[in-house]
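Colleague: What follows is upload18.tsv, made up of TSV, C-alpha atoms:
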```tsv
chain	number	residue	atom	x	y	z
A	1	MET	CA	4.39	19.88	12.28
A	2	TYR	CA	2.24	16.71	12.34
A	3	ARG	CA	0.60	15.89	15.64
A	4	PRO	CA	-1.55	12.74	15.56
A	5	ASP	CA	-4.97	12.73	17.17
A	6	LYS	CA	-5.46	10.45	20.19
A	7	THR	CA	-6.76	7.58	18.06
A	8	MET	CA	-3.68	7.49	15.84
A	9	TYR	CA	-1.43	8.14	18.82
A	10	PHE	CA	-2.63	4.97	20.58
A	11	LEU	CA	-2.69	2.95	17.33
A	12	ASN	CA	0.93	3.97	16.70
A	13	ILE	CA	1.80	2.80	20.20
A	14	ALA	CA	0.07	-0.51	19.38
A	15	LEU	CA	2.33	-0.79	16.30
A	16	ALA	CA	5.38	-0.20	18.51
A	17	VAL	CA	4.16	-2.94	20.87
A	18	ALA	CA	3.70	-5.26	17.85
A	19	ALA	CA	7.45	-5.05	17.20
A	20	ARG	CA	7.93	-7.48	20.15
A	21	SER	CA	5.82	-10.19	18.45
A	22	THR	CA	7.41	-13.59	17.83
A	23	CYS	CA	5.14	-14.39	14.85
A	24	LEU	CA	6.72	-14.70	11.41
A	25	ARG	CA	3.46	-14.05	9.55
A	26	ARG	CA	1.81	-11.09	11.24
A	27	ARG	CA	2.81	-8.94	14.20
A	28	PHE	CA	0.01	-7.44	16.27
A	29	GLY	CA	0.07	-5.06	19.20
A	30	ALA	CA	-2.78	-4.13	21.52
A	31	VAL	CA	-3.11	-1.24	23.94
A	32	ILE	CA	-5.88	-0.86	26.53
A	33	VAL	CA	-6.62	2.76	27.38
A	34	LYS	CA	-8.87	4.20	30.06
A	35	ASP	CA	-9.31	7.96	30.47
A	36	ASN	CA	-6.43	8.53	27.99
A	37	THR	CA	-4.07	6.46	30.16
A	38	ILE	CA	-2.51	3.19	29.00
A	39	VAL	CA	-3.52	0.44	31.43
A	40	GLY	CA	-2.33	-2.64	29.54
A	41	THR	CA	-0.39	-3.74	26.47
A	42	GLY	CA	0.19	-7.02	24.68
A	43	TYR	CA	1.58	-8.50	21.49
A	44	ASN	CA	1.04	-11.86	19.82
A	45	GLY	CA	3.54	-14.45	20.90
A	46	THR	CA	3.86	-17.78	22.62
A	47	ALA	CA	3.27	-18.31	26.31
A	48	LYS	CA	6.28	-17.60	28.52
A	49	GLY	CA	8.97	-20.22	28.02
A	50	VAL	CA	7.30	-21.90	25.03
A	51	VAL	CA	9.32	-22.08	21.79
A	52	ASN	CA	8.21	-19.63	19.13
A	53	CYS	CA	8.21	-19.20	15.36
A	54	ILE	CA	11.34	-17.06	15.31
A	55	GLU	CA	13.23	-19.90	17.02
A	56	GLU	CA	11.65	-22.95	15.36
A	57	GLY	CA	9.69	-21.83	12.28
A	58	CYS	CA	5.97	-21.49	11.61
A	59	ILE	CA	3.80	-24.59	11.31
A	60	LYS	CA	1.07	-22.62	9.52
A	61	ASN	CA	3.62	-21.49	6.91
A	62	ASP	CA	4.89	-25.05	6.53
A	63	LEU	CA	1.32	-26.28	5.96
A	64	ASN	CA	0.44	-23.26	3.77
A	65	LEU	CA	-2.60	-22.44	5.92
A	66	PRO	CA	-4.53	-19.15	5.68
A	67	HIS	CA	-3.99	-16.46	8.30
A	68	SER	CA	-7.52	-16.51	9.70
A	69	GLU	CA	-7.74	-20.26	10.33
A	70	SER	CA	-6.18	-23.10	12.32
A	71	TYR	CA	-5.60	-21.09	15.48
A	72	ASP	CA	-5.26	-24.32	17.44
A	73	LEU	CA	-2.07	-25.20	15.55
A	74	CYS	CA	-0.43	-21.91	16.50
A	75	PRO	CA	1.17	-21.68	19.97
A	76	ALA	CA	0.71	-17.89	20.12
A	77	VAL	CA	-1.39	-15.97	22.60
A	78	HIS	CA	-3.11	-13.16	20.70
A	79	ALA	CA	-2.18	-9.52	21.32
A	80	GLU	CA	-5.56	-8.60	22.75
A	81	GLU	CA	-5.46	-11.63	25.07
A	82	ASN	CA	-2.02	-10.59	26.36
A	83	ALA	CA	-3.18	-6.99	26.85
A	84	ILE	CA	-6.10	-8.27	28.94
A	85	ILE	CA	-3.81	-10.57	30.94
A	86	ASN	CA	-1.37	-7.68	31.49
A	87	SER	CA	-4.01	-5.31	32.90
A	88	ASN	CA	-6.21	-5.02	35.97
A	89	ARG	CA	-9.92	-5.80	35.72
A	90	ALA	CA	-11.02	-2.47	37.21
A	91	ASP	CA	-8.93	-0.61	34.64
A	92	ARG	CA	-10.52	-2.52	31.73
A	93	ILE	CA	-14.14	-1.74	32.59
A	94	GLY	CA	-15.31	0.99	30.21
A	95	SER	CA	-11.95	1.18	28.45
A	96	LYS	CA	-10.90	1.28	24.80
A	97	LEU	CA	-8.73	-1.33	23.11
A	98	TYR	CA	-6.47	-0.28	20.23
A	99	ILE	CA	-5.12	-3.02	17.94
A	100	ALA	CA	-2.70	-2.62	15.04
A	101	GLY	CA	-0.68	-5.05	12.98
A	102	LEU	CA	1.89	-5.52	10.25
A	103	ASP	CA	2.29	-8.46	7.89
A	104	GLU	CA	5.52	-10.25	6.91
A	105	ASN	CA	6.18	-7.47	4.35
A	106	ASN	CA	5.83	-4.73	6.99
A	107	LYS	CA	2.51	-3.57	5.52
A	108	TYR	CA	-0.58	-2.84	7.59
A	109	THR	CA	-2.80	-5.86	8.12
A	110	TYR	CA	-6.46	-5.86	9.11
A	111	ALA	CA	-6.48	-6.29	12.90
A	112	ILE	CA	-10.03	-7.50	13.65
A	113	PRO	CA	-10.15	-9.83	16.67
A	114	CYS	CA	-11.11	-13.49	16.20
A	115	LYS	CA	-14.27	-14.91	17.84
A	116	ARG	CA	-12.29	-16.19	20.83
A	117	CYS	CA	-10.75	-12.76	21.47
A	118	LYS	CA	-14.04	-10.94	20.91
A	119	ARG	CA	-15.54	-13.02	23.71
A	120	LYS	CA	-12.68	-12.17	26.05
A	121	ILE	CA	-13.06	-8.49	25.18
A	122	ILE	CA	-16.80	-8.71	25.91
A	123	ASN	CA	-16.16	-10.37	29.29
A	124	SER	CA	-13.48	-7.79	30.11
A	125	GLU	CA	-16.14	-5.07	29.77
A	126	ILE	CA	-14.07	-3.11	27.28
A	127	GLU	CA	-16.50	-0.73	25.55
A	128	GLU	CA	-14.84	0.10	22.26
A	129	VAL	CA	-12.24	-1.48	19.99
A	130	ILE	CA	-10.32	0.58	17.45
A	131	ILE	CA	-8.26	-1.25	14.85
A	132	LEU	CA	-6.15	-0.31	11.87
A	133	ASP	CA	-7.35	-1.63	8.54
A	134	ASP	CA	-4.98	-2.75	5.78
A	135	LYS	CA	-4.67	0.86	4.56
A	136	GLY	CA	-3.67	2.22	7.98
A	137	ARG	CA	-7.09	3.77	8.67
A	138	PRO	CA	-8.82	3.44	12.04
A	139	ILE	CA	-12.09	1.50	12.31
A	140	HIS	CA	-14.21	1.76	15.46
A	141	PHE	CA	-16.30	-1.09	16.90
A	142	ASN	CA	-18.84	-0.92	19.70
A	143	VAL	CA	-18.34	-4.10	21.74
A	144	LYS	CA	-22.10	-4.30	22.45
A	145	ASP	CA	-22.56	-5.05	18.73
A	146	TRP	CA	-20.34	-8.12	19.13
A	147	ILE	CA	-22.66	-9.45	21.85
A	148	ILE	CA	-25.56	-9.30	19.40
A	149	GLU	CA	-23.42	-10.74	16.57
A	150	ASP	CA	-22.19	-13.67	18.67
A	151	SER	CA	-25.69	-14.41	19.98
A	152	GLU	CA	-27.07	-14.45	16.42
A	153	TRP	CA	-24.19	-16.69	15.27
A	154	TYR	CA	-24.87	-19.15	18.10
A	155	ARG	CA	-28.63	-19.25	17.48
A	156	GLU	CA	-28.05	-19.90	13.77
A	157	SER	CA	-25.44	-22.59	14.50
A	158	LEU	CA	-27.77	-24.26	17.00
A	159	LYS	CA	-30.63	-24.17	14.48
A	160	LYS	CA	-28.44	-25.82	11.82
A	161	ALA	CA	-27.25	-28.47	14.28
A	162	ARG	CA	-30.83	-29.30	15.26
A	163	GLU	CA	-31.92	-29.46	11.61
A	164	PHE	CA	-29.00	-31.76	10.83
A	165	LYS	CA	-29.85	-33.98	13.79
A	166	LEU	CA	-33.50	-34.17	12.67
A	167	GLY	CA	-32.38	-35.04	9.12
A	168	GLU	CA	-30.19	-37.87	10.43
A	169	LYS	CA	-33.12	-39.43	12.30
A	170	GLN	CA	-35.25	-39.47	9.14
A	171	ILE	CA	-32.69	-41.41	7.11
```
Represent the structure of the file as structure tokens.

Modeller:
Amino acid sequence: MYRPDKTMYFLNIALAVAARSTCLRRRFGAVIVKDNTIVGTGYNGTAKGVVNCIEEGCIKNDLNLPHSESYDLCPAVHAEENAIINSNRADRIGSKLYIAGLDENNKYTYAIPCKRCKRKIINSEIEEVIILDDKGRPIHFNVKDWIIEDSEWYRESLKKAREFKLGEKQI
């Protein structure tokens, strides 16, 4: 008899949550867990009452845009955002976030959070994020590493912006 370990147990629950997604391209589910108890869930879909891709079609499909870009054109709230919204702050502090997704062909899809969601996860004080990769294997992330990563990204972006501004003045 197969009995999944806790990591795969919660990732499988995240896949079940993903089934509620209203996205035609990729369905993601997120589960926040503290002390082995589920304290919040969410899937990617539009805000309450807003039309969705199942009803109207997908603008990103119509424009043939890549999955990891043009988030501002998509009306969906991401799975991890909805899980955070659907949980209590005290329950999130020190918790784990499990994220899993399927593509339009029902195959696993890499479930790494975007920059916007990483920042919300950081501010929620979630300690660890566990995702499924495109082969169905778990990958663990320490959220503290994302703080360093985002700080380095910002410093580099600021440096480039200042260099560009200096270059403009010399022209």

Colleague: Calculated over all atoms listed in the file, which of the candidates A:Ile130, A:Lys115, A:Glu104, A:Cys53 has the smallest distance to Val31 (chain A)?

Modeller: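 Residue with the minimum atom-to-atom distance to Val31 (chain A): A:Ile130.
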
Colleague: Using only C-alpha atoms, which residues of region 26-95 of chain A come within 12 Å of region 1-13 of chain A, and what is the closest atom pair for each, with the distance in Å to one decimal? Give it as CSV, sorted by chain and residue number.

Modeller:
```
residue,atom,partner,partner_atom,distance
A:Phe28,CA,A:Leu11,CA,10.8
A:Gly29,CA,A:Ile13,CA,8.1
A:Ala30,CA,A:Leu11,CA,8.2
A:Val31,CA,A:Phe10,CA,7.1
A:Ile32,CA,A:Phe10,CA,8.9
A:Val33,CA,A:Phe10,CA,8.2
A:Lys34,CA,A:Phe10,CA,11.4
A:Asp35,CA,A:Lys6,CA,11.3
A:Asn36,CA,A:Lys6,CA,8.1
A:Thr37,CA,A:Phe10,CA,9.8
A:Ile38,CA,A:Phe10,CA,8.6
A:Val39,CA,A:Phe10,CA,11.8
A:Gly40,CA,A:Ile13,CA,11.6
A:Thr41,CA,A:Ile13,CA,9.3
A:Gly42,CA,A:Ile13,CA,10.9
A:Tyr43,CA,A:Ile13,CA,11.4
```

Colleague: Would you mind telling me which residue in A:Ala83, A:Ala90, A:Ala47, A:Cys114 lies nearest to His67 (chain A) when using all atoms listed in the file?

Modeller: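 Residue with the minimum atom-to-atom distance to His67 (chain A): A:Cys114.
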
Colleague: With distances taken over only C-alpha atoms, which of A:Asp91, A:Glu55, A:Glu81, A:Glu152 is nearest to Lys118 (chain A)?

Modeller: A:Glu81

Colleague: From the set A:Ala76, A:Leu15, A:Cys117, A:Ile122, which residue has the shortest atom-to-atom contact distance to Ile93 (chain A), counting only C-alpha atoms?

Modeller: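 Ranked by minimum distance to Ile93 (chain A), first place goes to A:Ile122.
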
Colleague: Counting all atoms listed in the file, figure out which residue out of A:Asn106, A:Trp146, A:Ala161, A:Lys120 gets nearest to Asp134 (chain A).

Modeller: A:Asn106

Colleague: So how far away is CA of Asp103 (chain A) from CA of His78 (chain A), in Å?

Modeller: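 So the answer is 14.7 Å.
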
Colleague: What is the CA of Ala111 (chain A)-CA of Asn52 (chain A) distance in Å, reported with one decimal?

Modeller: 20.8 Å

Colleague: Work out how far apart CA of Phe141 (chain A) and CA of Leu158 (chain A) are and give it in Å to one decimal.

Modeller: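 These two atoms are separated by 25.9 Å.
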
Colleague: Mind completing region 115-126 of chain A with all heavy atoms? Output as a PDB file, keeping the file's coordinate frame, please?

Modeller:
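Output (out.pdb):
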```
ATOM      1  N   LYS A 115     -13.119 -14.658  16.954  1.00  0.00           N
ATOM      2  CA  LYS A 115     -14.270 -14.910  17.840  1.00  0.00           C
ATOM      3  C   LYS A 115     -13.829 -15.108  19.292  1.00  0.00           C
ATOM      4  O   LYS A 115     -14.442 -14.581  20.217  1.00  0.00           O
ATOM      5  CB  LYS A 115     -15.026 -16.155  17.388  1.00  0.00           C
ATOM      6  CG  LYS A 115     -16.037 -15.941  16.312  1.00  0.00           C
ATOM      7  CD  LYS A 115     -16.849 -17.218  16.134  1.00  0.00           C
ATOM      8  CE  LYS A 115     -17.751 -17.174  14.944  1.00  0.00           C
ATOM      9  NZ  LYS A 115     -18.670 -16.086  14.886  1.00  0.00           N
ATOM     10  N   ARG A 116     -12.781 -15.901  19.474  1.00  0.00           N
ATOM     11  CA  ARG A 116     -12.290 -16.190  20.830  1.00  0.00           C
ATOM     12  C   ARG A 116     -11.906 -14.892  21.546  1.00  0.00           C
ATOM     13  O   ARG A 116     -12.267 -14.666  22.701  1.00  0.00           O
ATOM     14  CB  ARG A 116     -11.097 -17.138  20.734  1.00  0.00           C
ATOM     15  CG  ARG A 116     -10.466 -17.504  22.043  1.00  0.00           C
ATOM     16  CD  ARG A 116      -9.282 -18.417  21.852  1.00  0.00           C
ATOM     17  NE  ARG A 116      -8.127 -17.641  21.408  1.00  0.00           N
ATOM     18  CZ  ARG A 116      -7.014 -18.165  20.924  1.00  0.00           C
ATOM     19  NH1 ARG A 116      -6.900 -19.462  20.765  1.00  0.00           N
ATOM     20  NH2 ARG A 116      -6.008 -17.406  20.571  1.00  0.00           N
ATOM     21  N   CYS A 117     -11.188 -14.022  20.852  1.00  0.00           N
ATOM     22  CA  CYS A 117     -10.750 -12.760  21.470  1.00  0.00           C
ATOM     23  C   CYS A 117     -11.917 -11.799  21.669  1.00  0.00           C
ATOM     24  O   CYS A 117     -11.962 -11.077  22.670  1.00  0.00           O
ATOM     25  CB  CYS A 117      -9.648 -12.121  20.639  1.00  0.00           C
ATOM     26  SG  CYS A 117      -8.084 -13.012  20.772  1.00  0.00           S
ATOM     27  N   LYS A 118     -12.860 -11.788  20.729  1.00  0.00           N
ATOM     28  CA  LYS A 118     -14.040 -10.940  20.910  1.00  0.00           C
ATOM     29  C   LYS A 118     -14.758 -11.297  22.203  1.00  0.00           C
ATOM     30  O   LYS A 118     -15.194 -10.415  22.946  1.00  0.00           O
ATOM     31  CB  LYS A 118     -14.999 -11.075  19.722  1.00  0.00           C
ATOM     32  CG  LYS A 118     -14.555 -10.356  18.479  1.00  0.00           C
ATOM     33  CD  LYS A 118     -15.565 -10.546  17.353  1.00  0.00           C
ATOM     34  CE  LYS A 118     -15.152  -9.821  16.095  1.00  0.00           C
ATOM     35  NZ  LYS A 118     -16.121 -10.006  15.008  1.00  0.00           N
ATOM     36  N   ARG A 119     -14.865 -12.586  22.483  1.00  0.00           N
ATOM     37  CA  ARG A 119     -15.540 -13.020  23.710  1.00  0.00           C
ATOM     38  C   ARG A 119     -14.781 -12.593  24.953  1.00  0.00           C
ATOM     39  O   ARG A 119     -15.381 -12.207  25.963  1.00  0.00           O
ATOM     40  CB  ARG A 119     -15.734 -14.533  23.675  1.00  0.00           C
ATOM     41  CG  ARG A 119     -16.751 -14.944  22.634  1.00  0.00           C
ATOM     42  CD  ARG A 119     -16.839 -16.433  22.468  1.00  0.00           C
ATOM     43  NE  ARG A 119     -17.788 -16.743  21.398  1.00  0.00           N
ATOM     44  CZ  ARG A 119     -17.666 -17.775  20.589  1.00  0.00           C
ATOM     45  NH1 ARG A 119     -16.652 -18.622  20.727  1.00  0.00           N
ATOM     46  NH2 ARG A 119     -18.566 -17.991  19.652  1.00  0.00           N
ATOM     47  N   LYS A 120     -13.479 -12.622  24.897  1.00  0.00           N
ATOM     48  CA  LYS A 120     -12.680 -12.170  26.050  1.00  0.00           C
ATOM     49  C   LYS A 120     -12.804 -10.657  26.224  1.00  0.00           C
ATOM     50  O   LYS A 120     -12.842 -10.160  27.354  1.00  0.00           O
ATOM     51  CB  LYS A 120     -11.222 -12.584  25.870  1.00  0.00           C
ATOM     52  CG  LYS A 120     -11.058 -14.085  26.029  1.00  0.00           C
ATOM     53  CD  LYS A 120      -9.661 -14.549  25.773  1.00  0.00           C
ATOM     54  CE  LYS A 120      -9.637 -16.073  25.898  1.00  0.00           C
ATOM     55  NZ  LYS A 120      -8.440 -16.668  25.433  1.00  0.00           N
ATOM     56  N   ILE A 121     -12.877  -9.942  25.121  1.00  0.00           N
ATOM     57  CA  ILE A 121     -13.060  -8.490  25.180  1.00  0.00           C
ATOM     58  C   ILE A 121     -14.423  -8.171  25.781  1.00  0.00           C
ATOM     59  O   ILE A 121     -14.549  -7.291  26.641  1.00  0.00           O
ATOM     60  CB  ILE A 121     -12.900  -7.878  23.765  1.00  0.00           C
ATOM     61  CG1 ILE A 121     -11.441  -7.999  23.309  1.00  0.00           C
ATOM     62  CG2 ILE A 121     -13.384  -6.431  23.738  1.00  0.00           C
ATOM     63  CD1 ILE A 121     -11.217  -7.762  21.824  1.00  0.00           C
ATOM     64  N   ILE A 122     -15.460  -8.899  25.348  1.00  0.00           N
ATOM     65  CA  ILE A 122     -16.800  -8.710  25.910  1.00  0.00           C
ATOM     66  C   ILE A 122     -16.770  -8.938  27.416  1.00  0.00           C
ATOM     67  O   ILE A 122     -17.260  -8.109  28.193  1.00  0.00           O
ATOM     68  CB  ILE A 122     -17.816  -9.669  25.238  1.00  0.00           C
ATOM     69  CG1 ILE A 122     -18.070  -9.264  23.784  1.00  0.00           C
ATOM     70  CG2 ILE A 122     -19.129  -9.708  26.026  1.00  0.00           C
ATOM     71  CD1 ILE A 122     -18.795 -10.319  22.951  1.00  0.00           C
ATOM     72  N   ASN A 123     -16.188 -10.047  27.858  1.00  0.00           N
ATOM     73  CA  ASN A 123     -16.160 -10.370  29.290  1.00  0.00           C
ATOM     74  C   ASN A 123     -15.279  -9.416  30.086  1.00  0.00           C
ATOM     75  O   ASN A 123     -15.463  -9.279  31.290  1.00  0.00           O
ATOM     76  CB  ASN A 123     -15.700 -11.812  29.507  1.00  0.00           C
ATOM     77  CG  ASN A 123     -16.839 -12.793  29.355  1.00  0.00           C
ATOM     78  OD1 ASN A 123     -17.971 -12.416  29.058  1.00  0.00           O
ATOM     79  ND2 ASN A 123     -16.551 -14.062  29.534  1.00  0.00           N
ATOM     80  N   SER A 124     -14.342  -8.766  29.429  1.00  0.00           N
ATOM     81  CA  SER A 124     -13.480  -7.790  30.110  1.00  0.00           C
ATOM     82  C   SER A 124     -14.176  -6.454  30.300  1.00  0.00           C
ATOM     83  O   SER A 124     -13.643  -5.572  30.950  1.00  0.00           O
ATOM     84  CB  SER A 124     -12.192  -7.578  29.307  1.00  0.00           C
ATOM     85  OG  SER A 124     -11.443  -8.747  29.294  1.00  0.00           O
ATOM     86  N   GLU A 125     -15.344  -6.298  29.701  1.00  0.00           N
ATOM     87  CA  GLU A 125     -16.140  -5.070  29.770  1.00  0.00           C
ATOM     88  C   GLU A 125     -15.451  -3.877  29.121  1.00  0.00           C
ATOM     89  O   GLU A 125     -15.663  -2.726  29.509  1.00  0.00           O
ATOM     90  CB  GLU A 125     -16.574  -4.780  31.206  1.00  0.00           C
ATOM     91  CG  GLU A 125     -17.458  -5.881  31.783  1.00  0.00           C
ATOM     92  CD  GLU A 125     -17.973  -5.581  33.163  1.00  0.00           C
ATOM     93  OE1 GLU A 125     -18.696  -4.576  33.303  1.00  0.00           O
ATOM     94  OE2 GLU A 125     -17.640  -6.347  34.088  1.00  0.00           O
ATOM     95  N   ILE A 126     -14.625  -4.171  28.121  1.00  0.00           N
ATOM     96  CA  ILE A 126     -14.070  -3.110  27.280  1.00  0.00           C
ATOM     97  C   ILE A 126     -15.216  -2.601  26.420  1.00  0.00           C
ATOM     98  O   ILE A 126     -16.012  -3.388  25.909  1.00  0.00           O
ATOM     99  CB  ILE A 126     -12.906  -3.674  26.420  1.00  0.00           C
ATOM    100  CG1 ILE A 126     -11.724  -4.047  27.327  1.00  0.00           C
ATOM    101  CG2 ILE A 126     -12.503  -2.696  25.322  1.00  0.00           C
ATOM    102  CD1 ILE A 126     -10.645  -4.872  26.650  1.00  0.00           C
TER     103      ILE A 126
END
```
